[in-house]
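Asker: File upload.txt below, compact mmCIF, C-alpha atoms:
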# COMPACT_ATOMS: atom_id res chain seq x y z
CA MET A 1 10.39 -51.95 17.56
CA PRO A 2 13.35 -50.97 19.74
CA LEU A 3 16.73 -51.07 18.08
CA PRO A 4 19.54 -52.97 19.82
CA PHE A 5 22.15 -50.23 19.54
CA LEU A 6 22.60 -47.10 21.63
CA THR A 7 23.18 -43.57 20.47
CA ALA A 8 24.60 -40.53 22.21
CA ASP A 9 21.23 -38.78 21.88
CA ARG A 10 19.53 -40.83 24.54
CA ALA A 11 20.47 -42.31 27.86
CA PHE A 12 20.99 -45.97 28.60
CA ASP A 13 17.87 -47.93 29.36
CA THR A 14 19.72 -49.95 31.99
CA THR A 15 19.75 -49.27 35.72
CA ASP A 16 23.51 -49.64 36.26
CA GLN A 17 25.57 -46.45 36.38
CA VAL A 18 28.07 -47.13 33.60
CA ALA A 19 29.94 -44.08 32.33
CA LEU A 20 29.38 -43.31 28.69
CA PRO A 21 32.49 -43.17 26.49
CA PHE A 22 32.11 -39.42 25.98
CA ASP A 23 32.04 -38.80 29.75
CA ASP A 24 35.80 -39.48 30.03
CA HIS A 25 37.34 -36.01 30.24
CA ASP A 26 40.84 -37.37 29.56
CA GLN A 27 39.89 -38.37 26.01
CA TRP A 28 39.87 -35.81 23.22
CA ARG A 29 36.33 -35.14 22.11
CA ARG A 30 34.56 -32.75 19.79
CA PRO A 31 31.89 -30.87 21.79
CA TYR A 32 29.58 -30.67 18.76
CA ARG A 33 28.50 -32.79 15.82
CA PRO A 34 30.08 -32.32 12.41
CA GLY A 35 27.91 -30.17 10.18
CA SER A 36 26.01 -31.31 7.14
CA TRP A 37 28.35 -29.42 4.77
CA ARG A 38 31.40 -31.26 6.12
CA VAL A 39 29.71 -34.65 6.14
CA GLY A 40 28.22 -34.11 2.66
CA ALA A 41 31.57 -33.10 1.15
CA ALA A 42 33.26 -36.13 2.72
CA ALA A 43 30.49 -38.41 1.44
CA LEU A 44 30.89 -37.05 -2.09
CA ALA A 45 34.67 -37.51 -1.87
CA LEU A 46 34.21 -41.12 -0.74
CA LEU A 47 31.74 -41.69 -3.57
CA LEU A 48 34.33 -40.35 -6.00
CA ALA A 49 36.94 -42.64 -4.41
CA SER A 50 34.70 -45.66 -4.98
CA PHE A 51 34.50 -44.86 -8.69
CA VAL A 52 38.26 -44.38 -8.85
CA LEU A 53 38.75 -47.74 -7.11
CA LEU A 54 36.43 -49.36 -9.64
CA ALA A 55 38.48 -47.79 -12.42
CA ALA A 56 41.65 -49.18 -10.81
CA VAL A 57 40.16 -52.67 -10.83
CA ILE A 58 39.15 -52.34 -14.49
CA ILE A 59 42.61 -51.06 -15.41
CA ALA A 60 44.24 -53.93 -13.51
CA VAL A 61 42.03 -56.52 -15.24
CA ALA A 62 43.01 -54.99 -18.58
CA GLY A 63 46.64 -55.72 -17.72
CA ALA A 64 48.04 -52.20 -17.19
CA PHE A 65 49.33 -52.69 -13.65
CA GLY A 66 51.29 -49.42 -13.64
CA GLY A 67 48.18 -47.42 -14.41
CA ALA A 68 46.17 -49.44 -11.90
CA SER A 69 48.65 -48.69 -9.11
CA VAL A 70 48.61 -44.96 -9.92
CA THR A 71 44.80 -44.97 -9.93
CA LEU A 72 44.78 -46.90 -6.66
CA GLY A 73 47.12 -44.28 -5.15
CA ILE A 74 44.80 -41.49 -6.27
CA ALA A 75 41.85 -43.28 -4.64
CA ALA A 76 43.83 -43.69 -1.42
CA LEU A 77 44.65 -39.96 -1.38
CA VAL A 78 40.97 -39.06 -1.87
CA ILE A 79 39.96 -41.40 0.99
CA VAL A 80 42.62 -39.97 3.33
CA ALA A 81 41.55 -36.42 2.45
CA ALA A 82 37.88 -37.22 3.15
CA LEU A 83 38.70 -38.77 6.51
CA ARG A 84 40.93 -35.84 7.46
CA ALA A 85 38.15 -33.42 6.50
CA LEU A 86 35.82 -35.26 8.87
CA ARG A 87 38.43 -35.02 11.64
CA MET A 88 38.80 -31.24 11.30
CA GLY A 89 37.41 -29.05 14.05
CA THR A 90 37.92 -28.15 17.68
CA TRP A 91 38.53 -30.88 20.25
CA VAL A 92 38.70 -30.54 24.03
CA SER A 93 39.96 -32.63 26.91
CA ARG A 94 41.22 -32.14 30.43
CA ALA A 95 44.65 -31.44 28.90
CA GLY A 96 43.58 -28.48 26.76
CA VAL A 97 41.97 -27.46 23.51
CA ARG A 98 43.04 -28.71 20.10
CA ARG A 99 42.31 -27.07 16.74
CA VAL A 100 42.60 -29.67 13.98
CA GLY A 101 43.02 -28.25 10.48
CA PHE A 102 43.40 -30.07 7.19
CA LEU A 103 47.21 -29.93 7.22
CA SER A 104 48.08 -28.86 10.77
CA THR A 105 47.01 -29.33 14.36
CA VAL A 106 47.48 -26.83 17.19
CA THR A 107 47.12 -27.92 20.82
CA VAL A 108 46.97 -25.35 23.61
CA PRO A 109 47.06 -26.52 27.25
CA TRP A 110 44.45 -24.94 29.50
CA ALA A 111 47.24 -23.42 31.59
CA LYS A 112 48.28 -21.27 28.61
CA VAL A 113 44.76 -20.05 27.81
CA THR A 114 43.93 -16.58 29.10
CA SER A 115 40.36 -16.40 27.76
CA VAL A 116 37.86 -17.97 25.40
CA ARG A 117 35.32 -15.51 24.03
CA THR A 118 32.81 -15.04 21.25
CA ALA A 119 33.50 -12.05 18.98
CA GLN A 120 31.74 -10.39 16.06
CA GLN A 121 34.27 -10.17 13.23
CA PRO A 122 34.75 -10.97 9.55
CA VAL A 123 34.93 -14.75 9.13
CA ARG A 124 35.62 -16.98 6.15
CA TRP A 125 32.60 -18.53 4.49
CA LEU A 126 33.05 -22.36 4.32
CA GLY A 127 36.81 -21.86 4.58
CA LEU A 128 36.94 -20.04 1.25
CA PRO A 129 38.73 -16.68 0.79
CA ARG A 130 35.41 -14.81 0.81
CA THR A 131 34.70 -13.22 4.19
CA VAL A 132 31.36 -12.30 5.71
CA GLN A 133 30.39 -10.70 8.99
CA GLY A 134 29.80 -13.37 11.60
CA GLN A 135 30.62 -14.74 15.01
CA ALA A 136 33.83 -16.47 15.96
CA LEU A 137 34.99 -18.26 19.07
CA VAL A 138 38.45 -16.86 19.78
CA LEU A 139 40.99 -18.33 22.18
CA ASP A 140 43.49 -15.86 23.66
CA ARG A 141 46.83 -17.40 24.62
CA GLN A 142 49.50 -16.13 26.95
CA GLY A 143 51.77 -13.78 25.03
CA GLY A 144 48.84 -12.12 23.23
CA GLU A 145 48.43 -14.73 20.48
CA GLN A 146 44.94 -15.59 19.29
CA LEU A 147 43.58 -18.83 17.87
CA LEU A 148 40.29 -18.96 15.97
CA LEU A 149 38.44 -22.05 17.21
CA LEU A 150 35.00 -21.89 15.57
CA THR A 151 33.02 -19.65 13.27
CA ASP A 152 29.32 -19.62 12.55
CA HIS A 153 30.02 -19.77 8.80
CA ASN A 154 32.32 -22.81 8.65
CA ALA A 155 31.34 -26.26 7.38
CA ASP A 156 30.09 -27.33 10.81
CA PHE A 157 27.81 -24.41 11.65
CA LEU A 158 26.59 -22.81 8.42
CA SER A 159 22.84 -22.24 8.91
CA ARG A 160 23.07 -23.78 12.40
CA VAL A 161 23.28 -20.77 14.71
CA GLU A 162 21.93 -22.65 17.74
CA ALA A 163 24.53 -25.38 17.32
CA PHE A 164 27.29 -22.75 17.17
CA ASP A 165 26.01 -21.14 20.37
CA ARG A 166 25.86 -24.51 22.16
CA ALA A 167 29.38 -25.44 21.01
CA ALA A 168 30.80 -22.05 22.02
CA ASP A 169 29.13 -22.31 25.43
CA THR A 170 30.48 -25.83 25.89
CA ILE A 171 34.05 -24.85 25.08
CA GLU A 172 33.77 -21.81 27.35
CA ALA A 173 32.52 -24.13 30.11
CA TRP A 174 35.53 -26.43 29.57
CA ASN A 175 37.76 -23.37 29.91
CA ALA A 176 35.96 -22.31 33.09
CA GLU A 177 36.40 -25.80 34.54
CA TYR A 178 39.98 -26.61 33.55
CA GLY A 179 41.50 -23.22 32.69
CA THR A 180 43.50 -21.24 35.17
CA ALA A 181 41.81 -18.23 36.66
CA PRO A 182 43.79 -15.00 36.27
CA ALA A 183 45.55 -13.96 39.45
CA ALA A 184 43.93 -11.04 41.25
CA THR A 185 46.08 -7.90 41.30
CA ARG A 186 46.19 -5.77 44.39
How does the structure come out when it is put into structure tokens?
Answerer:
Amino acid sequence: MPLPFLTADRAFDTTDQVALPFDDHDQWRRPYRPGSWRVGAAALALLLASFVLLAAVIIAVAGAFGGASVTLGIAALVIVAALRALRMGTWVSRAGVRRVGFLSTVTVPWAKVTSVRTAQQPVRWLGLPRTVQGQALVLDRQGGEQLLLLTDHNADFLSRVEAFDRAADTIEAWNAEYGTAPAATR
């Protein structure tokens, strides 16, 4: 039985040439899917938030509205944190590359990017202080600054080496298409 909705995994079954939403290069998009570790942690946080919301309702029915509002605020913070964790990662568009962290976002225009390369180096395991030897996608900016875009041991690519390689290749292709080529010296 065919399902009436469309996914990004398959093409349209229609004959008209309608651009898919992810084909718009002016929109910020993540060139890979969020990993199972990231999605699982967000799902557990949202499950916890549902229990905290239930507790807020029970506290409100009991008549302690001050405690209910504090509990509701805690649930709202857990929901916002889970959604922000799902938003974390590397995003690309025609304008540049954006590294979204939990508390900060860094956007680098393609004109300021000197290179995007994969390097073997110590990387953090699941964002924890422990480091292991792994691969990282490093963006070099003008002025010699570096920005770590992806690692093969973060929440998106742990145990998904092929997905890391595809994402790194995709971001390097975006840099090749929209980045400025270094001027030839004579």
Asker: Residues within 10 Å of (49.3, -18.5, 29.8), file coordinates, counting all atoms listed in the file: what are they? Give the list as a list in words.
Answerer: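 Within the cut-off we find Val108, Pro109, Trp110, Ala111, Lys112, Val113, Thr114, Ser115, Asp140, Arg141, Gln142, Gly143, Gly144, Gly179, Thr180 and Pro182 of chain A.
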Asker: Selection from above, C-alpha atoms, as a PDB file, keeping the file's coordinate frame, can you write it?
Answerer:
ATOM      1  CA  VAL A 108      46.970 -25.350  23.610  1.00  0.00           C
ATOM      2  CA  PRO A 109      47.060 -26.520  27.250  1.00  0.00           C
ATOM      3  CA  TRP A 110      44.450 -24.940  29.500  1.00  0.00           C
ATOM      4  CA  ALA A 111      47.240 -23.420  31.590  1.00  0.00           C
ATOM      5  CA  LYS A 112      48.280 -21.270  28.610  1.00  0.00           C
ATOM      6  CA  VAL A 113      44.760 -20.050  27.810  1.00  0.00           C
ATOM      7  CA  THR A 114      43.930 -16.580  29.100  1.00  0.00           C
ATOM      8  CA  SER A 115      40.360 -16.400  27.760  1.00  0.00           C
ATOM      9  CA  ASP A 140      43.490 -15.860  23.660  1.00  0.00           C
ATOM     10  CA  ARG A 141      46.830 -17.400  24.620  1.00  0.00           C
ATOM     11  CA  GLN A 142      49.500 -16.130  26.950  1.00  0.00           C
ATOM     12  CA  GLY A 143      51.770 -13.780  25.030  1.00  0.00           C
ATOM     13  CA  GLY A 144      48.840 -12.120  23.230  1.00  0.00           C
ATOM     14  CA  GLY A 179      41.500 -23.220  32.690  1.00  0.00           C
ATOM     15  CA  THR A 180      43.500 -21.240  35.170  1.00  0.00           C
ATOM     16  CA  PRO A 182      43.790 -15.000  36.270  1.00  0.00           C
TER      17      PRO A 182
END
Asker: Extract, using only C-alpha atoms, all DNA, RNA and protein residues at most 9 Å from region 38-52 of chain A, discarding same-chain residues fewer than 5 positions from it, and format them as number ranges by chain.
Answerer: A: 57, 71-72, 74-79, 81-83, 85-86, 154-156
Asker: Distance CA of Gln146 (chain A)-CA of Arg84 (chain A), one decimal place?
Answerer: 23.8 Å
Asker: With a cut-off of 8 Å, could you pull out the residues of region 108-139 of chain A touching region 158-175 of chain A and give me the nearest pair of atoms for each, distance in Å to one decimal, using all atoms listed in the file, ordered by chain and ascending number, as a Markdown table?
Answerer:
| residue | atom | partner | partner_atom | distance |
| --- | --- | --- | --- | --- |
| A:Trp110 | CA | A:Asn175 | CA | 6.9 |
| A:Ser115 | CA | A:Asn175 | CA | 7.7 |
| A:Val116 | CA | A:Glu172 | CA | 5.9 |
| A:Arg117 | CA | A:Glu172 | CA | 7.3 |
| A:Thr118 | CA | A:Ala168 | CA | 7.3 |
| A:Leu126 | CA | A:Leu158 | CA | 7.7 |
| A:Leu137 | CA | A:Ala168 | CA | 6.4 |
Asker: Counting all atoms listed in the file, which of A:Val97, A:Trp37, A:Asp24, A:Ala68 gets nearest to Gly127 (chain A)?
Answerer: A:Trp37
Asker: To box region 69-73 of chain A, take all atoms listed in the file, fit an axis-aligned box, add 8 Å on each side, and give centre and edge lengths in Å to one decimal, as AutoDock Vina command-line options.
Answerer:
--center_x 46.7 --center_y -46.5 --center_z -7.5 --size_x 19.9 --size_y 20.4 --size_z 20.8
Asker: Quick one: pull the distance between CA of Gln121 (chain A) and CA of Arg87 (chain A), Å, one decimal.
Answerer: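 These two atoms are separated by 25.2 Å.
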Asker: Quote the spacing between CA of Gly35 (chain A) and CA of Leu54 (chain A) in Å to one decimal place.
Answerer: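 Separating CA of Gly35 (chain A) from CA of Leu54 (chain A) is a distance of 28.9 Å.
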Asker: Point out the residue among A:Ser36, A:Gln135, A:Thr151, A:Thr105 with the least atom-to-atom distance to Met88 (chain A), counting only C-alpha atoms.
Answerer: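 Ranked by minimum distance to Met88 (chain A), first place goes to A:Thr105.
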Asker: Env of Val123 (chain A): 8 Å cut, atoms = all atoms listed in the file, seq-sep filter 3 positions within chain, self excluded. Answer as a PyMOL selection string.
Answerer: chain A and resi 131-136+151+153
Asker: Would you pick out the contacts of Arg98 (chain A) at 9 Å or less, using all atoms listed in the file, so that residues sharing its chain but fewer than 5 positions from it are not included, and give the list as a ChimeraX atom specification?
Answerer: /A:28,89-93,105-109,149
